>>> print(open('my_file.txt').read())   # compact mmCIF, C-alpha atoms and all ligand atoms
# COMPACT_ATOMS: atom_id res chain seq x y z
CA MET A 1394 18.46 -2.61 5.46
CA ILE A 1395 20.10 -3.31 2.11
CA ILE A 1396 22.61 -0.71 0.94
CA GLY A 1397 22.30 1.19 -2.34
CA SER A 1398 25.22 -0.33 -4.27
CA GLU A 1399 24.06 -3.88 -3.47
CA LYS A 1400 20.51 -2.98 -4.57
CA ALA A 1401 21.80 -1.72 -7.92
CA ARG A 1402 24.01 -4.80 -8.50
CA LEU A 1403 21.23 -7.23 -7.65
CA LYS A 1404 18.70 -5.32 -9.78
CA ASP A 1405 20.98 -5.72 -12.82
CA LEU A 1406 21.68 -9.38 -12.09
CA VAL A 1407 18.02 -10.24 -11.57
CA SER A 1408 17.06 -8.52 -14.84
CA ILE A 1409 19.60 -10.64 -16.72
CA LEU A 1410 18.38 -13.80 -14.99
CA ARG A 1411 14.80 -13.07 -16.05
CA ALA A 1412 15.75 -14.42 -19.50
CA ASP A 1413 13.89 -17.68 -18.73
CA GLU A 1414 16.82 -19.76 -19.95
CA TYR A 1415 20.35 -20.60 -18.83
CA VAL A 1416 22.68 -17.61 -18.98
CA SER A 1417 26.42 -18.22 -18.84
CA GLY A 1418 28.53 -16.76 -16.06
CA GLU A 1419 30.81 -15.32 -18.70
CA TYR A 1420 27.91 -13.46 -20.39
CA ILE A 1421 26.65 -12.14 -17.04
CA GLY A 1422 30.18 -11.03 -16.15
CA ARG A 1423 30.50 -9.18 -19.46
CA MET A 1424 27.14 -7.45 -19.02
CA LEU A 1425 27.87 -6.42 -15.44
CA LYS A 1426 31.56 -5.72 -16.11
CA VAL A 1427 32.71 -8.02 -13.31
CA SER A 1428 34.69 -11.27 -13.10
CA ARG A 1429 33.01 -14.70 -13.22
CA GLU A 1430 33.99 -15.14 -9.60
CA ALA A 1431 32.13 -11.92 -8.70
CA VAL A 1432 29.10 -13.24 -10.62
CA TRP A 1433 29.21 -16.43 -8.58
CA LYS A 1434 29.36 -14.39 -5.36
CA GLN A 1435 26.34 -12.33 -6.37
CA ILE A 1436 24.45 -15.49 -7.32
CA SER A 1437 25.19 -16.79 -3.82
CA THR A 1438 23.88 -13.53 -2.36
CA LEU A 1439 20.64 -13.91 -4.32
CA ARG A 1440 20.29 -17.47 -3.10
CA ARG A 1441 20.72 -16.23 0.47
CA TYR A 1442 17.84 -13.82 -0.22
CA GLY A 1443 15.67 -16.80 -1.11
CA TYR A 1444 16.03 -16.99 -4.92
CA ARG A 1445 16.16 -20.47 -6.42
CA ILE A 1446 18.81 -20.43 -9.12
CA ASP A 1447 19.92 -23.55 -10.94
CA ALA A 1448 23.52 -23.82 -12.08
CA LYS A 1449 24.63 -26.19 -14.87
CA PRO A 1450 28.18 -26.70 -16.10
CA ARG A 1451 28.72 -25.13 -19.56
CA LEU A 1452 25.17 -23.67 -19.57
CA GLY A 1453 25.33 -21.26 -16.66
CA TYR A 1454 22.57 -20.06 -14.37
CA MET A 1455 18.80 -20.11 -14.60
CA LEU A 1456 16.31 -18.43 -12.28
CA ILE A 1457 13.80 -21.05 -11.14
CA ASP A 1458 11.82 -19.11 -8.56
CA ARG A 1459 11.93 -15.84 -6.69
CA PRO A 1460 10.85 -15.44 -3.08
CA ASP A 1461 7.67 -13.65 -2.00
CA ARG A 1462 9.64 -10.65 -0.81
CA LEU A 1463 9.24 -6.94 -1.57
CA TYR A 1464 12.90 -6.48 -2.48
CA PRO A 1465 13.69 -2.98 -3.77
CA TRP A 1466 15.21 -4.22 -7.06
CA GLU A 1467 12.05 -6.22 -7.77
CA ILE A 1468 9.78 -3.23 -7.12
CA MET A 1469 12.01 -0.94 -9.24
CA TYR A 1470 12.05 -3.51 -12.05
CA GLU A 1471 8.25 -3.83 -12.09
CA LEU A 1472 7.82 -0.06 -11.83
CA GLY A 1473 10.00 0.41 -14.88
CA GLY A 1474 10.88 4.04 -14.22
CA SER A 1475 8.78 6.37 -12.14
CA ALA A 1476 9.00 10.06 -11.34
CA MET A 1477 7.24 9.45 -8.04
CA VAL A 1478 9.55 6.69 -6.73
CA LYS A 1479 13.26 7.22 -7.21
CA GLU A 1480 14.43 5.04 -4.36
CA VAL A 1481 13.11 2.08 -2.40
CA ILE A 1482 14.29 1.54 1.16
CA TYR A 1483 13.64 -1.98 2.36
CA TYR A 1484 13.37 -3.46 5.82
CA GLU A 1485 12.81 -7.06 6.73
CA ASP A 1486 11.57 -5.87 10.09
CA VAL A 1487 11.01 -2.28 11.22
CA SER A 1488 9.08 -0.42 13.91
CA SER A 1489 6.92 1.56 11.45
CA THR A 1490 7.64 2.51 7.83
CA GLN A 1491 5.63 5.67 8.51
CA ASP A 1492 7.94 6.78 11.30
CA VAL A 1493 11.06 6.00 9.24
CA ALA A 1494 9.65 7.86 6.23
CA LEU A 1495 8.65 10.86 8.35
CA ARG A 1496 12.17 11.10 9.72
CA LEU A 1497 13.63 10.90 6.20
CA ALA A 1498 11.15 13.48 4.88
CA GLU A 1499 12.20 15.86 7.67
CA GLU A 1500 15.79 15.35 6.54
CA GLY A 1501 14.77 16.39 3.02
CA LYS A 1502 14.26 13.04 1.27
CA ASP A 1503 11.67 13.02 -1.50
CA SER A 1504 10.26 10.45 -3.97
CA THR A 1505 11.23 7.59 -1.67
CA LEU A 1506 9.35 4.45 -0.77
CA VAL A 1507 9.94 2.81 2.59
CA VAL A 1508 8.71 -0.77 2.60
CA ALA A 1509 8.86 -3.55 5.19
CA GLU A 1510 7.99 -7.21 5.37
CA ARG A 1511 6.89 -6.76 8.97
CA GLN A 1512 6.29 -3.85 11.34
CA SER A 1513 6.56 -4.22 15.09
CA LYS A 1514 4.90 -0.85 15.84
CA GLY A 1515 2.67 -0.26 12.83
CA ARG A 1516 0.49 2.81 13.29
CA GLY A 1517 -3.15 3.13 12.33
CA ARG A 1518 -5.44 6.15 12.42
CA SER A 1519 -6.67 7.54 15.75
CA SER A 1520 -3.37 6.44 17.37
CA ARG A 1521 -4.33 2.79 17.05
CA ARG A 1522 -1.84 -0.01 16.54
CA TRP A 1523 -1.77 -1.51 13.05
CA VAL A 1524 -1.15 -5.24 13.08
CA SER A 1525 1.54 -5.88 10.44
CA PRO A 1526 2.83 -9.46 10.25
CA TYR A 1527 4.77 -11.05 7.37
CA GLY A 1528 2.74 -11.44 4.18
CA GLY A 1529 1.13 -7.99 4.16
CA VAL A 1530 1.96 -4.92 2.12
CA TRP A 1531 3.19 -2.18 4.44
CA PHE A 1532 4.73 0.89 2.90
CA SER A 1533 5.10 4.65 3.24
CA LEU A 1534 5.74 6.92 0.31
CA ILE A 1535 7.45 10.28 0.68
CA THR A 1536 6.06 12.54 -1.99
CA LYS A 1537 5.33 16.16 -2.74
CA PRO A 1538 2.19 16.26 -4.86
CA LYS A 1539 1.98 19.36 -7.02
CA ILE A 1540 -1.36 20.44 -5.63
CA SER A 1541 -2.68 23.31 -3.61
CA VAL A 1542 -3.44 22.74 0.06
CA ARG A 1543 -7.11 23.19 -0.89
CA ASN A 1544 -6.99 19.96 -2.87
CA ALA A 1545 -4.90 18.12 -0.28
CA THR A 1546 -7.98 17.14 1.71
CA LEU A 1547 -8.89 14.83 -1.14
CA LEU A 1548 -5.57 13.05 -0.92
CA SER A 1549 -6.64 10.23 1.36
CA LEU A 1550 -9.80 9.50 -0.62
CA ALA A 1551 -7.80 9.63 -3.85
CA THR A 1552 -5.33 7.15 -2.36
CA ALA A 1553 -8.16 4.85 -1.32
CA LEU A 1554 -9.45 5.15 -4.88
CA ALA A 1555 -6.08 3.99 -6.22
CA VAL A 1556 -6.09 0.95 -3.91
CA CYS A 1557 -9.66 0.09 -4.97
CA ASN A 1558 -8.88 0.48 -8.67
CA ILE A 1559 -5.94 -1.93 -8.49
CA ILE A 1560 -7.80 -4.54 -6.45
CA ASN A 1561 -10.70 -4.30 -8.89
CA SER A 1562 -8.74 -4.28 -12.12
CA ASN A 1563 -5.74 -6.49 -11.34
CA LEU A 1564 -7.39 -9.02 -9.07
CA ASN A 1565 -10.97 -8.73 -10.20
CA ILE A 1566 -12.32 -8.44 -6.65
CA PRO A 1567 -15.01 -5.84 -5.90
CA ALA A 1568 -13.31 -3.45 -3.46
CA ARG A 1569 -15.00 -0.24 -2.31
CA ILE A 1570 -14.10 2.87 -0.32
CA LYS A 1571 -15.65 3.11 3.11
CA TRP A 1572 -15.52 6.71 4.30
CA PRO A 1573 -13.24 8.23 5.35
CA ASN A 1574 -10.56 6.11 3.75
CA ASP A 1575 -10.84 2.41 4.43
CA VAL A 1576 -10.85 -0.04 1.58
CA VAL A 1577 -13.30 -2.88 2.05
CA ILE A 1578 -14.19 -6.10 0.29
CA ASN A 1579 -17.48 -7.79 1.11
CA HIS A 1580 -18.03 -5.47 4.08
CA ARG A 1581 -14.62 -6.26 5.62
CA LYS A 1582 -11.55 -4.04 5.81
CA VAL A 1583 -8.68 -5.04 3.52
CA ALA A 1584 -6.59 -1.86 3.54
CA GLY A 1585 -6.07 1.30 5.54
CA ILE A 1586 -4.45 4.62 4.73
CA LEU A 1587 -2.62 6.99 7.00
CA ILE A 1588 -1.41 10.34 5.68
CA ASP A 1589 0.99 12.63 7.48
CA MET A 1590 1.58 16.00 5.94
CA SER A 1591 3.82 18.97 6.57
CA VAL A 1592 2.30 22.25 5.44
CA GLU A 1593 3.75 25.74 5.84
CA HIS A 1594 2.14 28.96 4.62
CA ASP A 1595 -0.23 27.05 2.34
CA ILE A 1596 2.68 25.16 0.77
CA ILE A 1597 2.95 21.38 1.10
CA ASN A 1598 6.48 20.57 2.24
CA TYR A 1599 5.92 16.85 2.00
CA CYS A 1600 3.36 14.12 2.39
CA VAL A 1601 3.98 10.67 3.78
CA ILE A 1602 1.38 8.30 2.39
CA GLY A 1603 1.18 5.18 4.53
CA ILE A 1604 -0.68 2.23 3.08
CA GLY A 1605 -1.33 -1.10 4.74
CA VAL A 1606 -2.92 -3.90 2.72
CA ASN A 1607 -3.75 -7.31 4.17
CA ALA A 1608 -2.32 -9.21 1.23
CA ASN A 1609 -1.08 -12.76 1.82
CA LEU A 1610 -2.49 -13.22 5.30
CA SER A 1611 -5.27 -15.37 6.66
CA ILE A 1612 -8.12 -13.64 8.48
CA GLU A 1613 -7.27 -15.71 11.56
CA SER A 1614 -3.68 -14.46 11.56
CA ILE A 1615 -4.80 -10.82 11.38
CA GLU A 1616 -7.58 -11.05 13.93
CA GLY A 1617 -5.59 -13.37 16.17
CA MET A 1618 -3.02 -10.60 16.66
CA MET A 1619 -5.62 -7.92 17.48
CA ASP A 1620 -6.85 -7.09 20.94
CA ASP A 1621 -9.99 -5.04 21.62
CA GLU A 1622 -8.02 -1.82 21.62
CA ASP A 1623 -6.49 -2.57 18.21
CA LYS A 1624 -9.91 -3.22 16.79
CA GLY A 1625 -11.44 -0.16 18.40
CA TYR A 1626 -15.08 0.45 19.12
CA HIS A 1627 -16.06 0.57 15.47
CA TYR A 1628 -14.29 -2.55 14.25
CA TYR A 1629 -16.29 -4.28 11.55
CA GLY A 1630 -14.06 -7.16 10.50
CA SER A 1631 -10.94 -7.73 8.43
CA THR A 1632 -10.25 -9.62 5.27
CA SER A 1633 -7.24 -10.18 3.05
CA LEU A 1634 -6.54 -10.38 -0.67
CA MET A 1635 -5.46 -14.00 -0.22
CA HIS A 1636 -8.71 -14.87 1.53
CA GLU A 1637 -10.82 -13.26 -1.18
CA MET A 1638 -8.80 -14.73 -4.06
CA GLY A 1639 -8.33 -18.19 -2.59
CA ARG A 1640 -4.62 -17.92 -3.43
CA ALA A 1641 -1.62 -15.72 -2.67
CA VAL A 1642 -1.11 -12.59 -4.76
CA ASP A 1643 2.16 -11.44 -6.32
CA ARG A 1644 2.92 -8.65 -3.84
CA VAL A 1645 5.67 -7.08 -5.94
CA LYS A 1646 3.38 -6.71 -8.96
CA PHE A 1647 0.60 -5.45 -6.69
CA VAL A 1648 2.82 -2.77 -5.12
CA ALA A 1649 4.21 -1.65 -8.48
CA SER A 1650 0.74 -1.38 -10.06
CA LEU A 1651 -0.55 0.46 -7.03
CA LEU A 1652 2.29 2.98 -7.14
CA LYS A 1653 1.67 3.62 -10.84
CA GLU A 1654 -2.03 4.09 -10.14
CA ILE A 1655 -1.29 6.51 -7.29
CA GLU A 1656 1.05 8.47 -9.57
CA GLY A 1657 -1.64 8.67 -12.27
CA ILE A 1658 -4.38 9.75 -9.86
CA TYR A 1659 -2.22 12.31 -8.03
CA SER A 1660 -1.26 13.89 -11.33
CA LYS A 1661 -4.97 14.58 -11.88
CA LEU A 1662 -5.74 15.89 -8.38
CA SER A 1663 -6.22 19.46 -9.61
CA TYR A 1664 -9.06 18.19 -11.77
CA ARG A 1665 -11.16 17.97 -8.65
CA ASP A 1666 -14.45 17.13 -10.38
CA GLU A 1667 -12.98 14.25 -12.37
CA ILE A 1668 -11.36 12.70 -9.28
CA LEU A 1669 -14.50 13.25 -7.22
CA ALA A 1670 -16.59 11.47 -9.83
CA SER A 1671 -14.27 8.43 -9.68
CA ILE A 1672 -14.30 8.50 -5.87
CA ARG A 1673 -18.11 8.65 -5.83
CA ALA A 1674 -18.29 5.62 -8.14
CA MET A 1675 -16.17 3.59 -5.70
CA MET A 1676 -17.69 4.85 -2.46
CA LEU A 1677 -20.17 2.94 -0.33
CA PHE A 1678 -23.32 4.96 0.22
CA GLY A 1679 -26.62 4.01 1.82
CA PRO A 1680 -27.91 3.68 5.39
CA VAL A 1681 -25.37 4.65 8.04
CA SER A 1682 -25.19 5.37 11.71
CA ILE A 1683 -23.34 8.52 12.64
CA ILE A 1684 -21.66 7.62 15.87
CA GLU A 1685 -19.96 10.29 17.92
CA GLY A 1686 -17.82 9.19 20.84
CA GLU A 1687 -17.17 5.66 21.96
CA GLY A 1688 -18.66 3.02 24.22
CA ARG A 1689 -21.37 4.12 26.63
CA ASP A 1690 -20.91 7.79 25.80
CA ALA A 1691 -21.54 7.19 22.12
CA ARG A 1692 -24.27 9.31 20.56
CA THR A 1693 -25.84 7.68 17.55
CA ARG A 1694 -28.18 8.97 14.89
CA ASP A 1695 -29.22 7.32 11.70
CA GLY A 1696 -29.13 8.66 8.20
CA ILE A 1697 -28.39 7.88 4.61
CA ALA A 1698 -24.96 8.62 3.18
CA VAL A 1699 -25.74 10.22 -0.14
CA ASP A 1700 -22.61 11.91 -1.45
CA VAL A 1701 -19.06 13.14 -0.87
CA ASP A 1702 -18.45 16.86 -0.86
CA GLY A 1703 -15.72 18.66 -2.79
CA ASP A 1704 -13.49 18.67 0.30
CA GLY A 1705 -13.96 14.97 0.95
CA SER A 1706 -16.59 15.23 3.68
CA LEU A 1707 -19.47 12.78 3.71
CA LEU A 1708 -22.97 14.12 3.12
CA VAL A 1709 -25.56 12.29 5.17
CA LYS A 1710 -29.30 12.83 4.95
CA THR A 1711 -30.82 12.79 8.43
CA ASN A 1712 -34.10 14.01 9.95
CA GLU A 1713 -32.49 17.40 10.32
CA GLY A 1714 -31.52 17.68 6.68
CA ILE A 1715 -28.18 17.09 4.97
CA GLU A 1716 -25.28 16.89 7.41
CA ARG A 1717 -21.63 17.26 6.44
CA ILE A 1718 -19.47 14.78 8.30
CA THR A 1719 -15.87 15.92 8.40
CA SER A 1720 -14.54 14.07 11.42
CA GLY A 1721 -15.62 11.58 14.01
CA TYR A 1722 -16.85 8.19 13.01
CA VAL A 1723 -19.38 7.09 10.53
CA HIS A 1724 -20.30 3.51 10.98
CA ILE A 1725 -21.81 2.00 7.85
CA ARG A 1726 -24.59 -0.16 9.18
CA TYR A 1727 -25.48 -1.99 6.02
CA TYR A 1728 -24.61 -1.63 2.44
CA LYS A 1729 -26.08 -0.65 -0.81
CA MET A 1730 -23.44 -0.84 -3.49
CA HIS A 1731 -23.29 2.43 -5.35
CA GLY A 1732 -22.16 1.97 -8.90
CA SER A 1733 -21.32 -1.67 -8.25
CA ARG A 1734 -20.40 -3.78 -11.22
C1 LIG A 1801 -5.81 2.82 9.34
O1 LIG A 1801 -5.93 2.95 10.55
O2 LIG A 1801 -6.73 2.39 8.65
C2 LIG A 1801 -4.51 3.22 8.64
C3 LIG A 1801 -3.52 2.10 8.62
C4 LIG A 1801 -2.20 2.47 7.95
C5 LIG A 1801 -1.16 1.38 8.08
C6 LIG A 1801 0.07 1.67 7.27
S1 LIG A 1801 1.10 0.26 7.09
C7 LIG A 1801 2.38 1.22 6.43
C8 LIG A 1801 2.41 2.50 7.22
N1 LIG A 1801 3.21 2.35 8.41
C9 LIG A 1801 2.49 2.48 9.53
O3 LIG A 1801 2.95 2.39 10.69
N2 LIG A 1801 1.21 2.70 9.22
C10 LIG A 1801 0.99 2.76 7.78
>>> encode(input="my_file.txt", output="structure tokens")
Amino acid sequence: MIIGSEKARLKDLVSILRADEYVSGEYIGRMLKVSREAVWKQISTLRRYGYRIDAKPRLGYMLIDRPDRLYPWEIMYELGGSAMVKEVIYYEDVSSTQDVALRLAEEGKDSTLVVAERQSKGRGRSSRRWVSPYGGVWFSLITKPKISVRNATLLSLATALAVCNIINSNLNIPARIKWPNDVVINHRKVAGILIDMSVEHDIINYCVIGIGVNANLSIESIEGMMDDEDKGYHYYGSTSLMHEMGRAVDRVKFVASLLKEIEGIYSKLSYRDEILASIRAMMLFGPVSIIEGEGRDARTRDGIAVDVDGDGSLLVKTNEGIERITSGYVHIRYYKMHGSR
């Protein structure tokens, strides 16, 4: 973990180095109110973190390249001020950002993002393991949305909507929401959402929004790390942003845009109808199998997913009429893009 004072120093230094030209050590020292020797030390620290910085006598330093790392100062810089994220806690390697964030939330932390390059015990829904190697986007956000518990049920769909919007608008890839809250591209899962919430007497104490996005990973590297249990009975395939784009994405920019999108969408959560309309436009509808249970005990009936209800449940037309699916599994058998572009 990188400590707060170092984060602040490096954030300032990196913003100066973004000038796209040589900046003298003396100028940097003046701006940061430190000696030239201290500047040199901080430049060495950045180099250790993987930054390529050229140094020329009389000209100073120039940033040539920054590493593909989700460093807190990079995320804060791209965010450019946010009420939702006041602090970024960074791990190179952690058990699960969700578990760390939950512990911090219990201790009273708010508006904090916990991000990791790799998780050794990433958690998925239904107590499944979430494979989280280097190259992905794995983060948990501690937040306290100003919404009533009644609207909280929409939180996971609203979060999936934010992920879809950013993949669609920033990367121009057609992502969709697969109920309950998977994000899929071309019928394969690219992102998952896990929300832990503490509620007392109808008041939300805190929410921990865990998001995992297969960003700069190959499909082989994701699937190669999964065993049958990780995949689960209803596994339908994984993909990654890199696979769909044919090139790596800028993960820092992706995370910052996603956080801004989440902030925007959460601020509108009380306008239930507006949010629901956007969710509906991103949701996959069409023929589905409603599968209850797993393996041999599974009970399957077919239907057509036609809508999402105000509380986020899926409405499926079956022989018996319209059924509201609130839990269990809905396996989308084949797709009909609703509102596809
Ligand atoms: C799912 O099963 O679809 C949800 C996956 C959620 C994974 C994310 S990665 C960041 C955060 N930390 C975890 O351990 N899990 C969530």
>>> closest_atom_pairs(input="my_file.txt", of="chain A", to="ligand LIG 1801 (chain A)", cutoff="10 Å", atoms="all atoms listed in the file", output="CSV")
residue,atom,partner,partner_atom,distance
A:Val1487,CA,A:LIG1801,O3,9.3
A:Ser1488,CA,A:LIG1801,O3,7.5
A:Ser1489,CA,A:LIG1801,O3,4.1
A:Thr1490,CA,A:LIG1801,N1,4.5
A:Gln1491,CA,A:LIG1801,N1,4.1
A:Asp1492,CA,A:LIG1801,O3,6.7
A:Val1493,CA,A:LIG1801,N1,8.7
A:Ala1494,CA,A:LIG1801,N1,8.8
A:Val1507,CA,A:LIG1801,C7,8.6
A:Val1508,CA,A:LIG1801,C7,7.7
A:Ala1509,CA,A:LIG1801,C7,8.1
A:Arg1511,CA,A:LIG1801,S1,9.3
A:Gln1512,CA,A:LIG1801,O3,7.1
A:Ser1513,CA,A:LIG1801,O3,8.7
A:Lys1514,CA,A:LIG1801,O3,6.4
A:Gly1515,CA,A:LIG1801,O3,3.4
A:Arg1516,CA,A:LIG1801,O3,3.6
A:Gly1517,CA,A:LIG1801,O1,3.3
A:Arg1518,CA,A:LIG1801,O1,3.7
A:Ser1519,CA,A:LIG1801,O1,7.0
A:Ser1520,CA,A:LIG1801,O1,8.1
A:Arg1521,CA,A:LIG1801,O1,6.7
A:Arg1522,CA,A:LIG1801,O1,7.8
A:Trp1523,CA,A:LIG1801,C5,5.8
A:Val1524,CA,A:LIG1801,C5,8.3
A:Ser1525,CA,A:LIG1801,S1,7.0
A:Gly1529,CA,A:LIG1801,S1,8.8
A:Val1530,CA,A:LIG1801,S1,7.2
A:Trp1531,CA,A:LIG1801,C7,4.0
A:Phe1532,CA,A:LIG1801,C7,4.3
A:Ser1533,CA,A:LIG1801,C8,5.3
A:Leu1534,CA,A:LIG1801,C8,8.9
A:Pro1573,CA,A:LIG1801,O2,9.3
A:Asn1574,CA,A:LIG1801,O2,7.2
A:Asp1575,CA,A:LIG1801,O2,5.9
A:Val1576,CA,A:LIG1801,O2,8.5
A:Lys1582,CA,A:LIG1801,O2,8.5
A:Val1583,CA,A:LIG1801,O2,9.2
A:Ala1584,CA,A:LIG1801,O2,6.6
A:Gly1585,CA,A:LIG1801,O2,3.4
A:Ile1586,CA,A:LIG1801,C2,4.2
A:Leu1587,CA,A:LIG1801,C2,4.5
A:Ile1588,CA,A:LIG1801,C10,8.2
A:Asp1589,CA,A:LIG1801,C10,9.9
A:Val1601,CA,A:LIG1801,C8,9.0
A:Ile1602,CA,A:LIG1801,C8,7.6
A:Gly1603,CA,A:LIG1801,C8,4.0
A:Ile1604,CA,A:LIG1801,C6,4.3
A:Gly1605,CA,A:LIG1801,S1,3.6
A:Val1606,CA,A:LIG1801,S1,7.3
A:Asn1607,CA,A:LIG1801,S1,9.5
A:Asp1623,CA,A:LIG1801,O1,9.5
A:Lys1624,CA,A:LIG1801,O1,9.6
>>> residues_near_point(input="my_file.txt", point="(12.5, -22.6, -10.8)", cutoff="9 Å", atoms="only C-alpha atoms", output="list in words")
Tyr1444, Arg1445, Ile1446, Asp1447, Met1455, Leu1456, Ile1457, Asp1458 and Arg1459 of chain A
>>> closest_atom_pairs(input="my_file.txt", of="region 1537-1651 of chain A", to="region 1475-1481 of chain A", cutoff="10 Å", atoms="all atoms listed in the file", output="tab-separated table")
residue	atom	partner	partner_atom	distance
A:Lys1537	CA	A:Met1477	CA	8.8
A:Pro1538	CA	A:Met1477	CA	9.1
A:Ala1649	CA	A:Ser1475	CA	9.9
>>> closest_residue(input="my_file.txt", among="A:Arg1689, A:Arg1644, A:Lys1539, A:Arg1411", to="Ile1658 (chain A)", atoms="only C-alpha atoms")
A:Lys1539
>>> atom_distance(input="my_file.txt", atom1="CA of Met1675 (chain A)", atom2="CA of Ile1570 (chain A)")
5.8 Å
>>> closest_residue(input="my_file.txt", among="A:Asn1544, A:Ser1562, A:Ser1650, A:Ser1408", to="Leu1425 (chain A)", atoms="only C-alpha atoms")
A:Ser1408
>>> residues_around(input="my_file.txt", residues="region 1630-1633 of chain A", least_positions_apart="6", cutoff="8 Å", atoms="only C-alpha atoms", output="compact mmCIF listing (two decimals) with C-alpha atoms, in the coordinates of the input")
# COMPACT_ATOMS: atom_id res chain seq x y z
CA ILE A 1578 -14.19 -6.10 0.29
CA HIS A 1580 -18.03 -5.47 4.08
CA ARG A 1581 -14.62 -6.26 5.62
CA LYS A 1582 -11.55 -4.04 5.81
CA VAL A 1583 -8.68 -5.04 3.52
CA VAL A 1606 -2.92 -3.90 2.72
CA ASN A 1607 -3.75 -7.31 4.17
CA ALA A 1608 -2.32 -9.21 1.23
CA ASN A 1609 -1.08 -12.76 1.82
CA LEU A 1610 -2.49 -13.22 5.30
CA SER A 1611 -5.27 -15.37 6.66
CA ILE A 1612 -8.12 -13.64 8.48
CA ILE A 1615 -4.80 -10.82 11.38
CA GLU A 1616 -7.58 -11.05 13.93
>>> atom_distance(input="my_file.txt", atom1="CA of Leu1548 (chain A)", atom2="CA of Glu1499 (chain A)")
19.9 Å
>>> atom_distance(input="my_file.txt", atom1="CA of Glu1687 (chain A)", atom2="CA of Cys1600 (chain A)")
29.6 Å
>>> closest_residue(input="my_file.txt", among="A:His1636, A:Lys1502, A:Lys1710, A:Lys1646", to="Ile1559 (chain A)", atoms="only C-alpha atoms")
A:Lys1646
>>> decode(input="my_file.txt", residues="region 1649-1661 of chain A", atoms="N, CA and C atoms", output="PDB file, in the first residue's frame")
ATOM      1  N   ALA A1649     -11.681   6.236 -14.249  1.00  0.00           N
ATOM      2  CA  ALA A1649     -12.129   7.598 -13.920  1.00  0.00           C
ATOM      3  C   ALA A1649     -13.469   7.900 -14.595  1.00  0.00           C
ATOM      4  N   SER A1650     -13.603   7.541 -15.875  1.00  0.00           N
ATOM      5  CA  SER A1650     -14.885   7.806 -16.560  1.00  0.00           C
ATOM      6  C   SER A1650     -16.005   7.009 -15.913  1.00  0.00           C
ATOM      7  N   LEU A1651     -15.698   5.776 -15.546  1.00  0.00           N
ATOM      8  CA  LEU A1651     -16.728   4.936 -14.929  1.00  0.00           C
ATOM      9  C   LEU A1651     -17.185   5.535 -13.590  1.00  0.00           C
ATOM     10  N   LEU A1652     -16.232   6.010 -12.798  1.00  0.00           N
ATOM     11  CA  LEU A1652     -16.605   6.591 -11.506  1.00  0.00           C
ATOM     12  C   LEU A1652     -17.468   7.838 -11.696  1.00  0.00           C
ATOM     13  N   LYS A1653     -17.121   8.641 -12.701  1.00  0.00           N
ATOM     14  CA  LYS A1653     -17.934   9.850 -12.955  1.00  0.00           C
ATOM     15  C   LYS A1653     -19.343   9.445 -13.383  1.00  0.00           C
ATOM     16  N   GLU A1654     -19.412   8.412 -14.211  1.00  0.00           N
ATOM     17  CA  GLU A1654     -20.720   7.939 -14.689  1.00  0.00           C
ATOM     18  C   GLU A1654     -21.555   7.406 -13.516  1.00  0.00           C
ATOM     19  N   ILE A1655     -20.897   6.645 -12.640  1.00  0.00           N
ATOM     20  CA  ILE A1655     -21.611   6.104 -11.471  1.00  0.00           C
ATOM     21  C   ILE A1655     -22.144   7.271 -10.626  1.00  0.00           C
ATOM     22  N   GLU A1656     -21.295   8.271 -10.427  1.00  0.00           N
ATOM     23  CA  GLU A1656     -21.698   9.425  -9.611  1.00  0.00           C
ATOM     24  C   GLU A1656     -22.927  10.100 -10.230  1.00  0.00           C
ATOM     25  N   GLY A1657     -22.885  10.282 -11.548  1.00  0.00           N
ATOM     26  CA  GLY A1657     -24.006  10.926 -12.246  1.00  0.00           C
ATOM     27  C   GLY A1657     -25.288  10.107 -12.122  1.00  0.00           C
ATOM     28  N   ILE A1658     -25.170   8.801 -12.327  1.00  0.00           N
ATOM     29  CA  ILE A1658     -26.365   7.943 -12.293  1.00  0.00           C
ATOM     30  C   ILE A1658     -26.913   7.838 -10.861  1.00  0.00           C
ATOM     31  N   TYR A1659     -26.031   7.688  -9.882  1.00  0.00           N
ATOM     32  CA  TYR A1659     -26.503   7.582  -8.492  1.00  0.00           C
ATOM     33  C   TYR A1659     -27.221   8.856  -8.054  1.00  0.00           C
ATOM     34  N   SER A1660     -26.755  10.003  -8.582  1.00  0.00           N
ATOM     35  CA  SER A1660     -27.385  11.254  -8.158  1.00  0.00           C
ATOM     36  C   SER A1660     -28.819  11.345  -8.701  1.00  0.00           C
ATOM     37  N   LYS A1661     -29.132  10.470  -9.680  1.00  0.00           N
ATOM     38  CA  LYS A1661     -30.488  10.517 -10.253  1.00  0.00           C
ATOM     39  C   LYS A1661     -31.336   9.317  -9.813  1.00  0.00           C
TER      40      LYS A1661
END
